[in-house]
Amino acid sequence: MKMSKLFVQTQREFPSDAEVISHKMLARAGYIRKLAPGVYTFLPLMWRVLKKIENIVRQEMDAAGAQELLMPFVQPKELWEESGRWDVYGKELMRLKDRHNRDMCLGPTHEEIITSVARDGLKSYKQLPVNLYQIQSKFRDEIRPRYGLLRGREFIMKDAYSFDVDEKGLDKEYENMAKAYTKIFKRCGLDTKMVQSDSGAIGGSVSHEFMVITDTDAGENDVFYCNECDYSANSNHAVSKLPDAVVDGKDYFKEKAVKDTPNTFSIEDLCNFLKIPSTIILKTLVYIVDKKPVLALIRADKAVEETKLMNAVNGNDIRIASAAEIAEIMENNGFNAVPGFIGPKGMKNVSIIADETVKDMKNFVVGINETDKHLVGANHSDLGVELKYFDIRLVEQGELCPQCGKPLFVTKGIEVGNIFKLGTKYSKPMNAVYLDENGKTHPYIMGCYGIGISRTAAAAVEAHYDDDGIKWPLAVAPYHVVVVPVNINDELQMKTAVNIYEQLLKAGVEAVLDDRDERAGVKFKDADLIGFPFRITAGKTLQEGLVECKVRESGEVTKITPEDAVSKVIAAVRNIG
Ligand code: ATP
Ligand code: MG
């Protein structure tokens with residue numbers, strides 16, 4: 001490819017809406033163009049990168065025994081009603097009507113469709129196990145599309161679905177996919193950590209996410225991990241050994257009493273006012289889960305993890321209640337206390353979920369739904385409700401590993417892949433069954449396995465860049481090498497460059513010849529920004545019979561003969577795993 005013909009327009013500035021490196025770099029280097037929030041055109045360079053990632057994914061999925069198909073992007077409501085997800089999948093599901101007024105949606109994921117495909121085709125145990133996958137655009141009407149390709153609304157995903165006769169088969173396929181994923185990301189130049197996670201809207205019991213660890217804002221997930229053993233989990237799923245209350249040995253309230261606690265709207269206010277540690281306060285938070293109120297009780301030195309709380313009430317959507325909603329909930333229960341003084345006592349028309357930290361609390365301080373008052377020296381019998389205990393606590397760095405008891409650490413991660421054990425979550429309601437040896441029907445035991453193709457490309461940029469631009473891993477770079485004649489009007493330089501370029505092409509290397517009549521500085525800047533893994537420069541050193549070969553990743557520049565430069569690049573390309 002000649003640079004003069006390549007459809008790429010590099011920009012001087014980063015786009016104003018770009019917050020993270022991959023968004024900034026991909027936009028400035030001419031890879032993506034925004035059409036609408038979270039919707040991008042993948043320009044030719046980007047499309048080459050995405051196709052490379054897709055091909056790595058294809059090769060590894062095929063090698064793992066899966067078969068590729070392609071399902072429709074637009075899906076009818078009826079299937080989503082069969083699975084029960086039409087009503088519970090939130091606003092991310094983009095719903096639309098066709099000209100006959102039939103309800104449809106844009107595919108955010110394909111469990112319903114694949115289950116219907118399977119039930120029509122997989123009738124007998126003899127046909128199982130099967131793993132089917134596709135690579136396709138998905139649409140999720142994300143509430144906050146941001147970070148360029150990391151969180152788009154339209155994005156490319158590989159989604160695979162496995163069908164087995166029993167749990168043992170599923171376990172085996174889950175392992176098989178986990179191994180394939182590790183290989184895929186490694187080949188894309190990414191180190192990933194496989195971490196335990198919540199199953200979210202897809203459902204099922206066990207799931208793991210593949211995280212690219214990063215210390216930048218692009219990592220939207222907190223990952224807890226242990227250095228002593230292999231424990232690691234997304235914060236939405238992480239657990240730790242229940243930390244002891246750090247009480248200072250003092251017995252604060254031996255006697256139960258209602259105390260005036262004016263203007264103590266926050267835990268901090270209350271601690272200061274009563275001169276107590278937060279560990280003896282029972283904190284009450286008000287949430288709305290699937291439009292219904294839920295009170296979360298937790299020892300006040302700890303925070304609530306919302307996904308865990310949502311799961312405790314089998315919900316699909318959670319948010320903290322607004323001041324107006326809290327006022328209404330209080331009124332419905334016959335109270336008018338303001339936030340800061342709320343507690344479980346006398347609350348009838350709400351679900352109450354207590355964290356495990358509450359279980360052993362004694363002589364504590366708790367709101368009693370009267371503004372400017374708290375009950376001190378309270379015990380469980382004073383709450384007037386039988387508490388249901390769940391782990392709804394957000395783990396904190398330094399708490400102890402649930403497996404080995406050593407301190408946990410936290411870091412940020414970009415989720416590039418996710419594997420789930422679905423069991424019969426879809427096959428049962430959709431009556432997707434096979435016949436066993438005795439002619440008895442059973443629902444398939446299913447798994448599903450996703451990889452964000454476009455997110456993986458962006459994550460590769462997050463992991464490989466410097467101030468000058470992108471440093472693509474060779475296996476996913478749009479081109480392997482750019483050949484730069486410093487001055488195209490210098491006959492020797494141009495002839496050498498063209499010669500090198502042609503030899504590389506002949507050897508199957510993806511090369512670009514920068515044949516533009518531009519200053520060397522401009523060409524070098526573009527080469528670094530676009531992120532060609534190699535740059536071969538034919539310039540002044542030709543007087544000594546040498547060219548310059550620059551390795552983008554390390555920045556190393558060597559003066560070598562044109563033949564050696566060509567061999568070096570060919571060898572590297574042949575070596576791509
Ligand atoms: P997230 O928690 O980041 O919203 P998810 O868990 O909802 O993602 P999955 O349903 O597990 O996503 O989808 C499989 C993969 O698709 C994810 O691991 C991720 O790589 C990719 N993906 C999901 N949502 C997006 C998005 N909005 N933009 C780009 N890639 C996405
Ligand atoms: Mg996920």
# chains A, B, ... in the order shown; residues from 1 in each chain; ligands from 1

call {"tool": "closest_atom_pairs", "arguments": {"of": "chain A", "to": "ligand 2", "cutoff": "8 Å", "atoms": "only C-alpha atoms and all ligand atoms", "output": "Markdown table"}}
result
| residue | atom | partner | partner_atom_place_in_ligand_line | distance |
| --- | --- | --- | --- | --- |
| A:Ser199 | CA | ligand 2 | 1 (Mg) | 7.3 |
| A:Gly200 | CA | ligand 2 | 1 (Mg) | 7.3 |
| A:Glu209 | CA | ligand 2 | 1 (Mg) | 6.5 |
| A:Glu415 | CA | ligand 2 | 1 (Mg) | 6.9 |
| A:Gly417 | CA | ligand 2 | 1 (Mg) | 6.8 |
| A:Asn418 | CA | ligand 2 | 1 (Mg) | 5.0 |
| A:Ile419 | CA | ligand 2 | 1 (Mg) | 7.8 |
| A:Gly450 | CA | ligand 2 | 1 (Mg) | 7.6 |

call {"tool": "residues_near_ligand", "arguments": {"ligand": "ligand 1", "cutoff": "8 Å", "atoms": "only C-alpha atoms and all ligand atoms", "output": "PyMOL selection string"}}
result
chain A and resi 38+108-109+139-140+142+145+149-159+199-202+209-210+220+414-419+449-456

call {"tool": "closest_atom_pairs", "arguments": {"of": "stretch 469-560 of chain A", "to": "stretch 178-190 of chain A", "cutoff": "7 Å", "atoms": "only C-alpha atoms", "output": "Markdown table"}}
result
| residue | atom | partner | partner_atom | distance |
| --- | --- | --- | --- | --- |
| A:Pro473 | CA | A:Gly189 | CA | 5.5 |
| A:Ala475 | CA | A:Cys188 | CA | 6.2 |
| A:Val476 | CA | A:Cys188 | CA | 6.1 |

call {"tool": "select_by_dssp", "arguments": {"residues": "stretch 35-148 of chain A", "states": "alpha helix (DSSP H)", "output": "PyMOL selection string"}}
result
chain A and resi 44-63+77-83+111-121

call {"tool": "atom_distance", "arguments": {"atom1": "atom CA of A:Gly577", "atom2": "atom CA of A:Tyr501"}}
result
23.4 Å

call {"tool": "closest_residue", "arguments": {"among": "A:Ile570, A:Cys448, A:Val88, A:Val509", "to": "A:Lys291", "atoms": "only C-alpha atoms"}}
result
A:Val88

call {"tool": "select_by_dssp", "arguments": {"residues": "stretch 390-536 of chain A", "states": "strand (DSSP E)", "output": "number ranges by chain"}}
result
A: 390, 408-423, 433-435, 441-443, 445-452, 465-466, 469-470, 481-485, 511-513, 534-536

call {"tool": "residues_around", "arguments": {"residues": "stretch 249-254 of chain A", "least_positions_apart": "6", "cutoff": "7 Å", "atoms": "only C-alpha atoms", "output": "list of chain:residue names"}}
result
A:Asn363, A:Val376, A:Gly377

call {"tool": "residues_around", "arguments": {"residues": "A:Phe7", "least_positions_apart": "6", "cutoff": "10 Å", "atoms": "only C-alpha atoms", "output": "PyMOL selection string"}}
result
chain A and resi 30-31+43-45

call {"tool": "residues_around", "arguments": {"residues": "A:Pro485", "least_positions_apart": "2", "cutoff": "6 Å", "atoms": "only C-alpha atoms", "output": "list of chain:residue names"}}
result
A:Asn487, A:Ile488, A:Gln493, A:Met494, A:Ala497, A:Thr537, A:Ala538

call {"tool": "write_last_selection", "arguments": {"atoms": "C-alpha atoms", "output": "tab-separated table (two decimals), in the first residue's frame"}}
result
chain	number	residue	atom	x	y	z
A	487	ASN	CA	13.22	12.54	0.33
A	488	ILE	CA	11.21	11.10	-2.53
A	493	GLN	CA	16.61	6.88	-1.49
A	494	MET	CA	13.46	6.31	-3.50
A	497	ALA	CA	12.83	2.24	-0.51
A	537	THR	CA	14.08	4.58	6.65
A	538	ALA	CA	16.09	5.17	3.51

call {"tool": "closest_residue", "arguments": {"among": "A:Pro129, A:Gly90, A:Pro72, A:Gly521", "to": "A:His110", "atoms": "only C-alpha atoms"}}
result
A:Pro72

call {"tool": "atom_distance", "arguments": {"atom1": "atom CA of A:Glu510", "atom2": "atom CA of A:Lys568"}}
result
13.8 Å

call {"tool": "closest_residue", "arguments": {"among": "A:Phe390, A:Phe335, A:Trp80, A:Tyr147", "to": "A:Gly219", "atoms": "only C-alpha atoms"}}
result
A:Tyr147

call {"tool": "residues_around", "arguments": {"residues": "A:Lys550", "least_positions_apart": "4", "cutoff": "10 Å", "atoms": "only C-alpha atoms", "output": "list in words"}}
result
Val481, Val482, Phe532, Pro533, Phe534, Arg535, Ile536, Thr537, Ser554, Gly555, Glu556, Val557, Thr558, Lys559 and Ala565 of chain A

call {"tool": "write_last_selection", "arguments": {"atoms": "N, CA, C and O atoms", "output": "PDB file, in the first residue's frame"}}
result
ATOM      1  N   VAL A 481       4.868  -2.924   8.668  1.00  0.00           N
ATOM      2  CA  VAL A 481       6.044  -2.057   8.505  1.00  0.00           C
ATOM      3  C   VAL A 481       5.731  -0.899   7.571  1.00  0.00           C
ATOM      4  O   VAL A 481       4.926  -1.037   6.649  1.00  0.00           O
ATOM      5  N   VAL A 482       6.365   0.254   7.858  1.00  0.00           N
ATOM      6  CA  VAL A 482       6.303   1.351   6.899  1.00  0.00           C
ATOM      7  C   VAL A 482       7.727   1.600   6.393  1.00  0.00           C
ATOM      8  O   VAL A 482       8.679   1.595   7.179  1.00  0.00           O
ATOM      9  N   PHE A 532       3.000   1.659  13.311  1.00  0.00           N
ATOM     10  CA  PHE A 532       3.618   0.538  12.577  1.00  0.00           C
ATOM     11  C   PHE A 532       4.678  -0.106  13.473  1.00  0.00           C
ATOM     12  O   PHE A 532       5.544   0.601  13.988  1.00  0.00           O
ATOM     13  N   PRO A 533       4.661  -1.423  13.629  1.00  0.00           N
ATOM     14  CA  PRO A 533       5.658  -2.063  14.504  1.00  0.00           C
ATOM     15  C   PRO A 533       7.103  -1.852  14.035  1.00  0.00           C
ATOM     16  O   PRO A 533       8.008  -1.799  14.855  1.00  0.00           O
ATOM     17  N   PHE A 534       7.313  -1.723  12.694  1.00  0.00           N
ATOM     18  CA  PHE A 534       8.658  -1.460  12.175  1.00  0.00           C
ATOM     19  C   PHE A 534       8.625  -0.253  11.240  1.00  0.00           C
ATOM     20  O   PHE A 534       7.638  -0.046  10.519  1.00  0.00           O
ATOM     21  N   ARG A 535       9.727   0.484  11.261  1.00  0.00           N
ATOM     22  CA  ARG A 535       9.901   1.552  10.265  1.00  0.00           C
ATOM     23  C   ARG A 535      11.286   1.400   9.648  1.00  0.00           C
ATOM     24  O   ARG A 535      12.287   1.343  10.385  1.00  0.00           O
ATOM     25  N   ILE A 536      11.337   1.283   8.348  1.00  0.00           N
ATOM     26  CA  ILE A 536      12.635   1.227   7.667  1.00  0.00           C
ATOM     27  C   ILE A 536      12.800   2.546   6.926  1.00  0.00           C
ATOM     28  O   ILE A 536      11.941   2.923   6.117  1.00  0.00           O
ATOM     29  N   THR A 537      13.876   3.259   7.232  1.00  0.00           N
ATOM     30  CA  THR A 537      14.083   4.584   6.654  1.00  0.00           C
ATOM     31  C   THR A 537      15.273   4.583   5.706  1.00  0.00           C
ATOM     32  O   THR A 537      16.382   4.205   6.096  1.00  0.00           O
ATOM     33  N   SER A 554      10.104  -0.979  21.308  1.00  0.00           N
ATOM     34  CA  SER A 554      11.228  -0.669  22.195  1.00  0.00           C
ATOM     35  C   SER A 554      11.840   0.687  21.872  1.00  0.00           C
ATOM     36  O   SER A 554      12.579   1.247  22.679  1.00  0.00           O
ATOM     37  N   GLY A 555      11.558   1.212  20.682  1.00  0.00           N
ATOM     38  CA  GLY A 555      12.169   2.468  20.274  1.00  0.00           C
ATOM     39  C   GLY A 555      13.580   2.275  19.724  1.00  0.00           C
ATOM     40  O   GLY A 555      14.235   3.233  19.290  1.00  0.00           O
ATOM     41  N   GLU A 556      14.053   1.044  19.714  1.00  0.00           N
ATOM     42  CA  GLU A 556      15.417   0.746  19.272  1.00  0.00           C
ATOM     43  C   GLU A 556      15.600   1.066  17.782  1.00  0.00           C
ATOM     44  O   GLU A 556      14.774   0.681  16.955  1.00  0.00           O
ATOM     45  N   VAL A 557      16.675   1.796  17.449  1.00  0.00           N
ATOM     46  CA  VAL A 557      16.969   2.112  16.048  1.00  0.00           C
ATOM     47  C   VAL A 557      18.329   1.515  15.695  1.00  0.00           C
ATOM     48  O   VAL A 557      19.306   1.729  16.422  1.00  0.00           O
ATOM     49  N   THR A 558      18.395   0.740  14.608  1.00  0.00           N
ATOM     50  CA  THR A 558      19.697   0.185  14.209  1.00  0.00           C
ATOM     51  C   THR A 558      19.981   0.580  12.765  1.00  0.00           C
ATOM     52  O   THR A 558      19.061   0.718  11.958  1.00  0.00           O
ATOM     53  N   LYS A 559      21.259   0.761  12.474  1.00  0.00           N
ATOM     54  CA  LYS A 559      21.660   1.023  11.089  1.00  0.00           C
ATOM     55  C   LYS A 559      22.120  -0.296  10.510  1.00  0.00           C
ATOM     56  O   LYS A 559      23.096  -0.883  10.990  1.00  0.00           O
ATOM     57  N   ALA A 565      17.635  -5.442   6.896  1.00  0.00           N
ATOM     58  CA  ALA A 565      16.371  -4.854   7.365  1.00  0.00           C
ATOM     59  C   ALA A 565      15.203  -5.697   6.865  1.00  0.00           C
ATOM     60  O   ALA A 565      14.276  -6.029   7.621  1.00  0.00           O
TER      61      ALA A 565
END

call {"tool": "residues_around", "arguments": {"residues": "stretch 222-237 of chain A", "least_positions_apart": "5", "cutoff": "12 Å", "atoms": "only C-alpha atoms", "output": "PyMOL selection string"}}
result
chain A and resi 192-200+205-217+303-311+391-415+418

call {"tool": "atom_distance", "arguments": {"atom1": "atom CA of A:Pro478", "atom2": "atom CA of A:Val49"}}
result
5.0 Å

call {"tool": "decode", "arguments": {"residues": "stretch 485-503 of chain A", "atoms": "N, CA, C and O atoms", "output": "mmCIF file, in the first residue's frame"}}
result
data_model
loop_
_atom_site.group_PDB
_atom_site.id
_atom_site.type_symbol
_atom_site.label_atom_id
_atom_site.label_comp_id
_atom_site.auth_asym_id
_atom_site.auth_seq_id
_atom_site.Cartn_x
_atom_site.Cartn_y
_atom_site.Cartn_z
ATOM 1 N N PRO A 485 11.146 6.631 2.434
ATOM 2 C CA PRO A 485 12.234 7.370 1.803
ATOM 3 C C PRO A 485 12.178 8.793 2.369
ATOM 4 O O PRO A 485 11.121 9.433 2.343
ATOM 5 N N VAL A 486 13.311 9.273 2.911
ATOM 6 C CA VAL A 486 13.279 10.584 3.565
ATOM 7 C C VAL A 486 12.910 11.675 2.555
ATOM 8 O O VAL A 486 12.112 12.546 2.830
ATOM 9 N N ASN A 487 13.495 11.549 1.358
ATOM 10 C CA ASN A 487 13.218 12.544 0.328
ATOM 11 C C ASN A 487 12.867 11.807 -0.962
ATOM 12 O O ASN A 487 13.718 11.163 -1.568
ATOM 13 N N ILE A 488 11.626 11.915 -1.383
ATOM 14 C CA ILE A 488 11.212 11.098 -2.534
ATOM 15 C C ILE A 488 11.854 11.583 -3.837
ATOM 16 O O ILE A 488 11.826 10.892 -4.846
ATOM 17 N N ASN A 489 12.427 12.795 -3.784
ATOM 18 C CA ASN A 489 13.076 13.307 -4.999
ATOM 19 C C ASN A 489 14.539 12.879 -5.090
ATOM 20 O O ASN A 489 15.217 13.152 -6.083
ATOM 21 N N ASP A 490 15.020 12.199 -4.048
ATOM 22 C CA ASP A 490 16.381 11.660 -4.067
ATOM 23 C C ASP A 490 16.294 10.262 -4.691
ATOM 24 O O ASP A 490 15.659 9.355 -4.140
ATOM 25 N N GLU A 491 16.947 10.115 -5.840
ATOM 26 C CA GLU A 491 16.772 8.905 -6.623
ATOM 27 C C GLU A 491 17.176 7.645 -5.873
ATOM 28 O O GLU A 491 16.448 6.647 -5.865
ATOM 29 N N LEU A 492 18.365 7.707 -5.218
ATOM 30 C CA LEU A 492 18.867 6.522 -4.516
ATOM 31 C C LEU A 492 17.924 6.136 -3.366
ATOM 32 O O LEU A 492 17.576 4.969 -3.187
ATOM 33 N N GLN A 493 17.518 7.138 -2.632
ATOM 34 C CA GLN A 493 16.612 6.875 -1.488
ATOM 35 C C GLN A 493 15.314 6.234 -1.970
ATOM 36 O O GLN A 493 14.842 5.246 -1.416
ATOM 37 N N MET A 494 14.747 6.807 -3.017
ATOM 38 C CA MET A 494 13.461 6.313 -3.500
ATOM 39 C C MET A 494 13.613 4.903 -4.076
ATOM 40 O O MET A 494 12.802 4.020 -3.799
ATOM 41 N N LYS A 495 14.701 4.706 -4.828
ATOM 42 C CA LYS A 495 14.903 3.403 -5.458
ATOM 43 C C LYS A 495 15.094 2.323 -4.386
ATOM 44 O O LYS A 495 14.499 1.226 -4.454
ATOM 45 N N THR A 496 15.889 2.654 -3.369
ATOM 46 C CA THR A 496 16.130 1.682 -2.288
ATOM 47 C C THR A 496 14.823 1.366 -1.552
ATOM 48 O O THR A 496 14.507 0.209 -1.271
ATOM 49 N N ALA A 497 14.081 2.431 -1.257
ATOM 50 C CA ALA A 497 12.825 2.236 -0.513
ATOM 51 C C ALA A 497 11.859 1.348 -1.304
ATOM 52 O O ALA A 497 11.266 0.405 -0.758
ATOM 53 N N VAL A 498 11.722 1.639 -2.572
ATOM 54 C CA VAL A 498 10.792 0.864 -3.406
ATOM 55 C C VAL A 498 11.246 -0.594 -3.472
ATOM 56 O O VAL A 498 10.447 -1.527 -3.357
ATOM 57 N N ASN A 499 12.544 -0.770 -3.595
ATOM 58 C CA ASN A 499 13.108 -2.106 -3.659
ATOM 59 C C ASN A 499 12.799 -2.900 -2.369
ATOM 60 O O ASN A 499 12.346 -4.051 -2.409
ATOM 61 N N ILE A 500 13.031 -2.256 -1.240
ATOM 62 C CA ILE A 500 12.747 -2.900 0.054
ATOM 63 C C ILE A 500 11.249 -3.239 0.149
ATOM 64 O O ILE A 500 10.856 -4.349 0.504
ATOM 65 N N TYR A 501 10.447 -2.257 -0.196
ATOM 66 C CA TYR A 501 8.986 -2.407 -0.144
ATOM 67 C C TYR A 501 8.542 -3.600 -0.995
ATOM 68 O O TYR A 501 7.769 -4.456 -0.545
ATOM 69 N N GLU A 502 9.088 -3.687 -2.198
ATOM 70 C CA GLU A 502 8.659 -4.778 -3.089
ATOM 71 C C GLU A 502 9.114 -6.143 -2.583
ATOM 72 O O GLU A 502 8.370 -7.124 -2.662
ATOM 73 N N GLN A 503 10.315 -6.180 -2.038
ATOM 74 C CA GLN A 503 10.793 -7.460 -1.479
ATOM 75 C C GLN A 503 9.915 -7.912 -0.313
ATOM 76 O O GLN A 503 9.601 -9.095 -0.167
#
